[in-house]
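Colleague: Shown below is the structure under consideration.
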There are 2 protein chains.
Amino acid sequence: MNNRQVEILKLIVEEYIKTAKPVSSKSLEQTLNCSSATIRNEMSYLEELGYLEKTHTSSGRVPSESGYRYYVDNIMVPKELTGNDILKLQSIFKNQSLVLSDAIEKSLEIVSDLTSCTLVALGSSSKENCLSKVEVIPITDTNLVAIIVTDKGHVENRNFVIDEGISPLEIKQTVDLINKHVIGTPLDEVNAKLEFEVKPIISDNVNYQRKLFDAFCNFINDVTNDSNIKMKGRSNILKQPEFDSDVDKIKNIISKFDDKSFINNIKEEENGIKIYIGSENKFDDDVTIVKTKYNANGEIGTIALIGPKRMEYDRVTMLLEYLKNNIERM
Amino acid sequence: MNNRQVEILKLIVEEYIKTAKPVSSKSLEQTLNCSSATIRNEMSYLEELGYLEKTHTSSGRVPSESGYRYYVDNIMVPKELTGNDILKLQSIFKNQSLVLSDAIEKSLEIVSDLTSCTLVALGSSSKENCLSKVEVIPITDTNLVAIIVTDKGHVENRNFVIDEGISPLEIKQTVDLINKHVIGTPLDEVNAKLEFEVKPIISDNVNYQRKLFDAFCNFINDVTNDSNIKMKGRSNILKQPEFDSDVDKIKNIISKFDDKSFINNIKEEENGIKIYIGSENKFDDDVTIVKTKYNANGEIGTIALIGPKRMEYDRVTMLLEYLKNNIERM
DNA sequence: CTTAGCACTCTCTATTATCGACTGCCTATT
DNA sequence: AATAGGCAGTCGATAATAGAGAGTGCTAAG
């Protein structure tokens with residue numbers, strides 16, 4: 001591909017992102033200083049390469065998935081954020097009294113407004129969290145509430161229903177045992193420790209304690225596996241003109257937003273800003289997902305932006321970069 | 001309105017609910033054993049009364065909002081649940097080890113599948129909850145996590161960021177004070193008690209304690225005011241044929257689902273199953289909301305079902321009744 | 001009070017025509 | 001060999017037209 005061909009691809013991608021309308025050869029004449037016929041020749045070459053498509057025989061050109069990919073990989077220059085974008089986000093991150101999870105929630109809201117995309121945060125229950133306190137409080141004869149606190153300030157709680165009553169003493173014994181052996185242990189190692197160090201001791205004791213113990217293990221298990229999903233601007237993506245007339249696409253995407261298994265799949269394991277265009281993501285062929293993993297002092301998670309393939313890649317990547325950096329700085 | 005008129009209204013409402021298509025006079029001939037002309041006369045009288053409408057001059061009849069209202073108030077006979085409906089719900093409520101909030105969540109899912117409607121639960125942070133334990137745990141120099149547990153087994157937590165360090169001793173003093181004065185107090189009275197009984201004492205002490213104290217009051221305040229929103233089957237309502245072609249209606253409703261202020265407005269204060277048809281609800285003219293308040297041993301909340309005005313009122317009311325009863329029995 | 005009959009209205013679908021925006025390709029030019 | 005002018009051809013979008021079908025309203029008669 002020569003310079004002019006790259007330039008044409010760039011212009012078409014950017015114009016299509018702006019207008020959502022197929023780009024004609026004539027509309028590029030002035031910018032490129034050559035005739036529309038010449039541009040048409042180049043366009044049909046770019047189509048041969050697979051970077052452009054037509055919506056019908058005599059329509060203008062539209063970027064193909066690999067066209068976007070080429071643009072993102074080789075042409076796009078990430079765009080400095082505008083004052084307005086920064087201003088809005090700073091209001092969150094300069095606010096020292098905001099706690100991480102609140103800051104993430106608010107910033108998702110802002111970015112989703114700023115981009116008309118849907119924002120998702122998947123907060124993993126962080127393997128770098130260590131247990132720092134376990135408490136079990138009896139509510140009634142058969143109801144207990146268990147609370148765990150980690151050294152990162154995470155709190156999780158769960159209610160247990162036990163078939164038969166356990167005496168406060170028995171509860172205390174079990175909890176003391178658990179506390180004694182697992183305080184300071186990383187969450188994902190807690191269950192192994194309970195299994196091999198604590199269970200043998202419990203075996204010698206009454207059955208009731210064992211039920212409580214097992215329920216507690218399940219609780220820990222769920223905490224380490226469940227991811228905390230935050231989602232903002234579900235309906236924003238519907239503002240995009242590609243969804244204006246296609247009711248089925250709308251229904252399809254909205255249903256997927258409702259489905260935890262789809263959302264959990266979005267989790268990003270690698271570092272850096274990652275872009276998954278159309279069929280490159282496992283969520284939906286009609287969208288692009290831009291993601292980043294973050295690690296804020298051991299609180300690990302993913303921020304993802306879901307929008308049309310025709311999205312402002314240069315701006316969105318910078319917005320996510322900004323989010324990631326500010327979250328990690330907290 | 002004579003018997004036959006009522007019968008005609010009933011048939012039209014039920015037929016329209018089933019098919020979503022305007023009902024013609026001819027289609028009722030056999031059922032009513034009289035000519036279509038007679039039925040047409042009755043229909044136009046019912047239209048005069050405001051119970052029926054036409055989609056255009058020569059179309060069949062469709063129930064108006066007051067038509068549905070009359071049907072619901074005077075004609076409808078709540079329909080015994082089918083074996084299948086009951087079976088699915090029993091799997092939730094017979095499971096003794098499920099905790100209230102999990103049971104609600106699961107049952108919302110089931111009913112939303114069963115009805116193709118969207119289900120919402122607003123769990124109020126229940127004024128009948130009394131504080132039974134307060135804990136504040138230091139995480140870092142400037143970070144604390146506060147946890148409160150109520151006598152109903154509710155747990156709420158919040159992270160605080162404090163500008164300057166507070167010594168563990170000072171924290172303990174404040175927390176002890178709070179505990180000493182407010183344990184056993186109903187949540188909604190806690191702040192008043194803190195203000196009038198505890199604040200005067202704190203005033204004599206260091207400033208830092210006061211900041212912590214104020215943050216704690218805000219926390220309690222938010223807990224008593226924020227309602228816990230659960231929502232299932234957001235996309236279900238899109239299955240209804242009335243939304244098949246109208247993209248704007250879809251976008252409108254999906255956006256409202258996203259908007260907490262709209263959702264919080266759904267809260268129901270009165271007892272019993274309440275039906276709000278179209279403009280009777282403040283949510284959206286195109287939907288009907290069927291709600292019920294529940295009170296499960298002091299855990300108070302609202303269950304709401306959002307669907308098209310053209311919904312199976314007789315079945316839906318019984319499903320909600322069943323939900324309410326089973327939730328309250330827990 | 002009921003009903004048969006008929007004119008009328010409106011939706012829906014298909015057909016046709018026309019306009020406008022493109023492209024593709026052939027050919028002439030530099 | 002790259003560029004550009006010119007022109008035919010394709011397709012979408014819009015509008016106009018026609019005919020069938022499903023209903024209603026109204027009138028007049030039983």
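Following the order of the structure tokens, chains are lettered A, B, ..., residues in each are numbered from 1, and ligands are numbered from 1.
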Excluding DC22 of chain C and its own-chain neighbours fewer than 4 positions away, which residues fall within 10 Å of it when counting only C-alpha atoms (C1' of nucleotides)? Please give them as an MDAnalysis selection string.
Modeller: (chainID A and resid 23:26 56:61) or (chainID D and resid 10:11)
Colleague: Leaving out segment 125-140 of chain B and any residue of its chain fewer than 6 positions from it, which residues lie within 9 Å of it when counting only C-alpha atoms (C1' of nucleotides), given as JSON, numbers by chain?
Modeller: {"A": [149, 150, 151, 152, 153], "B": [146, 147, 148, 149, 150, 151, 152, 153, 154, 165, 168, 171, 172, 175, 176, 178, 179, 182, 183, 184, 185, 186, 187, 188, 189, 190, 223, 224, 225, 226, 227, 228, 297, 298, 299, 300, 301]}
Colleague: Only N, CA and C atoms, please: the residues just picked out, written as a short mmCIF file (atom, residue, chain, number, x, y, z; two decimals), in the first residue's frame.
Modeller:
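Contents of the output file result-v7.cif:
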data_model
loop_
_atom_site.label_atom_id
_atom_site.label_comp_id
_atom_site.auth_asym_id
_atom_site.auth_seq_id
_atom_site.Cartn_x
_atom_site.Cartn_y
_atom_site.Cartn_z
N VAL A 149 -13.69 -9.25 56.07
CA VAL A 149 -13.09 -7.98 55.68
C VAL A 149 -11.67 -8.30 55.21
N THR A 150 -11.26 -7.68 54.10
CA THR A 150 -9.90 -7.92 53.63
C THR A 150 -9.01 -6.74 53.96
N ASP A 151 -7.71 -6.95 53.82
CA ASP A 151 -6.77 -5.88 54.14
C ASP A 151 -6.86 -4.72 53.17
N LYS A 152 -7.58 -4.90 52.04
CA LYS A 152 -7.77 -3.80 51.10
C LYS A 152 -9.07 -3.05 51.38
N GLY A 153 -9.78 -3.51 52.40
CA GLY A 153 -11.00 -2.80 52.77
C GLY A 153 -12.26 -3.35 52.11
N ALA B 146 -16.41 0.97 57.61
CA ALA B 146 -17.44 0.88 58.66
C ALA B 146 -18.44 -0.19 58.25
N ILE B 147 -18.86 -0.97 59.21
CA ILE B 147 -19.84 -2.02 58.94
C ILE B 147 -20.96 -1.90 59.96
N ILE B 148 -22.19 -1.98 59.48
CA ILE B 148 -23.28 -2.07 60.45
C ILE B 148 -24.07 -3.33 60.17
N VAL B 149 -24.54 -3.94 61.22
CA VAL B 149 -25.37 -5.13 61.11
C VAL B 149 -26.67 -4.85 61.84
N THR B 150 -27.78 -5.24 61.22
CA THR B 150 -29.05 -5.03 61.91
C THR B 150 -29.56 -6.33 62.49
N ASP B 151 -30.57 -6.21 63.32
CA ASP B 151 -31.11 -7.40 63.97
C ASP B 151 -31.84 -8.31 62.99
N LYS B 152 -32.08 -7.81 61.77
CA LYS B 152 -32.71 -8.65 60.76
C LYS B 152 -31.67 -9.33 59.88
N GLY B 153 -30.39 -9.06 60.19
CA GLY B 153 -29.35 -9.72 59.42
C GLY B 153 -28.86 -8.94 58.22
N HIS B 154 -29.33 -7.71 58.09
CA HIS B 154 -28.82 -6.81 57.05
C HIS B 154 -27.40 -6.40 57.38
N GLY B 165 -4.69 11.20 59.66
CA GLY B 165 -4.77 9.96 60.42
C GLY B 165 -5.54 10.11 61.73
N PRO B 168 -5.91 4.55 66.33
CA PRO B 168 -6.82 3.45 66.63
C PRO B 168 -7.60 3.71 67.92
N ILE B 171 -10.44 6.06 67.21
CA ILE B 171 -11.51 5.35 66.51
C ILE B 171 -12.32 4.55 67.50
N LYS B 172 -11.61 3.82 68.34
CA LYS B 172 -12.30 2.95 69.29
C LYS B 172 -13.22 3.77 70.19
N VAL B 175 -16.31 4.78 68.14
CA VAL B 175 -17.17 3.62 67.87
C VAL B 175 -17.84 3.14 69.16
N ASP B 176 -17.08 3.12 70.22
CA ASP B 176 -17.67 2.69 71.50
C ASP B 176 -18.84 3.60 71.88
N ILE B 178 -20.68 5.37 69.87
CA ILE B 178 -21.81 5.11 68.99
C ILE B 178 -22.52 3.84 69.41
N ASN B 179 -21.74 2.81 69.60
CA ASN B 179 -22.33 1.53 69.99
C ASN B 179 -23.14 1.66 71.27
N VAL B 182 -26.55 3.63 70.51
CA VAL B 182 -27.55 3.36 69.48
C VAL B 182 -27.86 1.89 69.20
N ILE B 183 -27.16 0.99 69.84
CA ILE B 183 -27.51 -0.42 69.63
C ILE B 183 -28.98 -0.63 70.00
N GLY B 184 -29.68 -1.32 69.13
CA GLY B 184 -31.10 -1.58 69.40
C GLY B 184 -32.03 -0.50 68.87
N THR B 185 -31.45 0.58 68.34
CA THR B 185 -32.29 1.67 67.83
C THR B 185 -32.71 1.36 66.39
N PRO B 186 -33.99 1.64 66.05
CA PRO B 186 -34.41 1.49 64.66
C PRO B 186 -33.55 2.38 63.76
N LEU B 187 -33.20 1.85 62.61
CA LEU B 187 -32.28 2.56 61.71
C LEU B 187 -32.67 4.02 61.47
N ASP B 188 -33.96 4.24 61.28
CA ASP B 188 -34.35 5.60 60.91
C ASP B 188 -34.34 6.56 62.09
N GLU B 189 -34.10 6.02 63.27
CA GLU B 189 -34.00 6.94 64.42
C GLU B 189 -32.55 7.11 64.87
N VAL B 190 -31.67 6.35 64.24
CA VAL B 190 -30.28 6.37 64.68
C VAL B 190 -29.69 7.77 64.59
N VAL B 223 -27.93 4.73 54.01
CA VAL B 223 -28.47 3.38 54.16
C VAL B 223 -29.99 3.43 54.32
N THR B 224 -30.47 4.38 55.10
CA THR B 224 -31.92 4.43 55.31
C THR B 224 -32.66 4.96 54.09
N ASN B 225 -31.96 5.73 53.25
CA ASN B 225 -32.65 6.29 52.10
C ASN B 225 -32.48 5.50 50.80
N ASP B 226 -31.28 5.01 50.57
CA ASP B 226 -31.06 4.27 49.33
C ASP B 226 -31.89 3.01 49.35
N SER B 227 -32.47 2.73 48.19
CA SER B 227 -33.14 1.44 48.16
C SER B 227 -32.35 0.54 47.25
N ASN B 228 -32.40 -0.68 47.62
CA ASN B 228 -31.66 -1.71 46.95
C ASN B 228 -32.50 -2.17 45.76
N ASN B 297 -41.39 -9.96 57.94
CA ASN B 297 -40.83 -9.79 59.27
C ASN B 297 -40.04 -8.50 59.43
N GLY B 298 -40.57 -7.45 58.85
CA GLY B 298 -39.89 -6.17 59.02
C GLY B 298 -39.02 -5.77 57.84
N GLU B 299 -38.69 -6.73 57.00
CA GLU B 299 -38.02 -6.39 55.75
C GLU B 299 -39.10 -5.92 54.78
N ILE B 300 -39.13 -4.62 54.53
CA ILE B 300 -40.19 -4.08 53.70
C ILE B 300 -39.68 -3.74 52.31
N GLY B 301 -40.50 -4.01 51.33
CA GLY B 301 -40.07 -3.69 49.97
C GLY B 301 -41.22 -3.75 49.00
#
Colleague: Give me, as a count of residues only, the residues of chain B touching chain A, with the criterion being at most 9 Å (counting only C-alpha atoms).
Modeller: 48
Colleague: Have a look at atom CA of Glu312 of chain A and atom CA of Ile273 of chain A and let me know their distance in Å, one decimal.
Modeller: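 Between these atoms lies a distance of 14.4 Å.
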Colleague: Determine which residues of chain A sit within 12 Å of chain D, taking into account only C-alpha atoms (C1' of nucleotides), and present them as a PyMOL selection string.
Modeller: chain A and resi 29+33-42+54-60
Colleague: When all Cα positions are paired in order and chain B is fitted onto chain A, what RMSD is left, to one decimal?
Modeller: 0.2 Å
Colleague: Measure the distance from atom C1' of DG5 of chain C to atom CA of Ser27 of chain B in Å and round it to one decimal.
Modeller: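 Taking atom C1' of DG5 of chain C and atom CA of Ser27 of chain B, their separation equals 18.8 Å.
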Colleague: Can you tell me how far atom CA of Thr288 of chain A sits from atom CA of Thr115 of chain A, in Å to one decimal?
Modeller: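 According to the coordinates, atom CA of Thr288 of chain A and atom CA of Thr115 of chain A are separated by 13.0 Å.
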Colleague: Check every residue of chain C for an atom within 10 Å of chain A, counting only C-alpha atoms (C1' of nucleotides), and provide those that qualify as a ChimeraX atom specification.
Modeller: /C:21-24
Colleague: Can I get the selected residues back with C-alpha atoms (C1' of nucleotides), as a PDB file, in the first residue's frame?
Modeller:
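Saved file again33.pdb follows:
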ATOM      1  C1'  DA C  21     -25.920   9.018  -6.058  1.00  0.00           C
ATOM      2  C1'  DC C  22     -22.588   6.054  -7.000  1.00  0.00           C
ATOM      3  C1'  DT C  23     -19.387   2.861  -9.372  1.00  0.00           C
ATOM      4  C1'  DG C  24     -16.909   0.512 -13.252  1.00  0.00           C
TER       5       DG C  24
END
Colleague: Excluding same-chain residues fewer than 6 positions from Asp285 of chain B, what lies within 12 Å of it counting only C-alpha atoms (C1' of nucleotides), as a PyMOL selection string?
Modeller: chain B and resi 65+249+252-253+276-279+306-309
Colleague: As a tab-separated table (two decimals) with C-alpha atoms, in the first residue's frame, list the residues of segment 166-314 of chain B assigned to strand (DSSP E) by DSSP on the backbone atoms of this structure.
Modeller:
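Once written, selection_0.tsv looks like this:
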chain	number	residue	atom	x	y	z
B	228	ASN	CA	-31.66	-1.71	46.95
B	229	ILE	CA	-32.79	-2.26	43.36
B	230	LYS	CA	-33.02	-5.68	41.77
B	231	MET	CA	-34.14	-5.96	38.18
B	232	LYS	CA	-34.66	-9.01	36.03
B	273	ILE	CA	-51.81	-5.85	44.67
B	274	LYS	CA	-52.00	-2.55	42.83
B	275	ILE	CA	-52.38	-2.13	39.10
B	276	TYR	CA	-51.33	1.04	37.29
B	277	ILE	CA	-52.35	1.07	33.65
B	287	VAL	CA	-46.77	0.07	30.06
B	288	THR	CA	-48.79	-1.31	32.91
B	289	ILE	CA	-47.12	-1.79	36.27
B	290	VAL	CA	-48.49	-4.29	38.74
B	291	LYS	CA	-47.02	-3.88	42.19
B	292	THR	CA	-47.22	-5.17	45.67
B	293	LYS	CA	-45.64	-4.13	48.89
B	294	TYR	CA	-44.25	-6.92	51.02
B	295	ASN	CA	-43.34	-7.08	54.64
B	296	ALA	CA	-41.27	-10.10	55.56
B	299	GLU	CA	-38.02	-6.39	55.75
B	300	ILE	CA	-40.19	-4.08	53.70
B	301	GLY	CA	-40.07	-3.69	49.97
B	302	THR	CA	-41.90	-3.56	46.68
B	303	ILE	CA	-42.17	-6.14	43.94
B	304	ALA	CA	-43.24	-4.71	40.60
B	305	LEU	CA	-43.97	-6.26	37.26
B	306	ILE	CA	-43.65	-4.04	34.21
B	307	GLY	CA	-45.26	-5.16	30.98
B	308	PRO	CA	-47.42	-4.00	28.10
Colleague: Leaving out Lys282 of chain B and any residue of its chain fewer than 5 positions from it, which residues lie within 9 Å of it when counting only C-alpha atoms (C1' of nucleotides), given as a PyMOL selection string?
Modeller: chain B and resi 262+265-266+276
Colleague: Report as a list of chain:residue names all protein, DNA and RNA residues lying within 9 Å of Val13 of chain A, evaluated on only C-alpha atoms (C1' of nucleotides), omitting residues in the same chain fewer than 6 positions from it.
Modeller: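 My reading of the contact set: A:Val23, A:Val62, A:Pro63, A:Gly67, A:Tyr68, A:Tyr71, A:Arg310.
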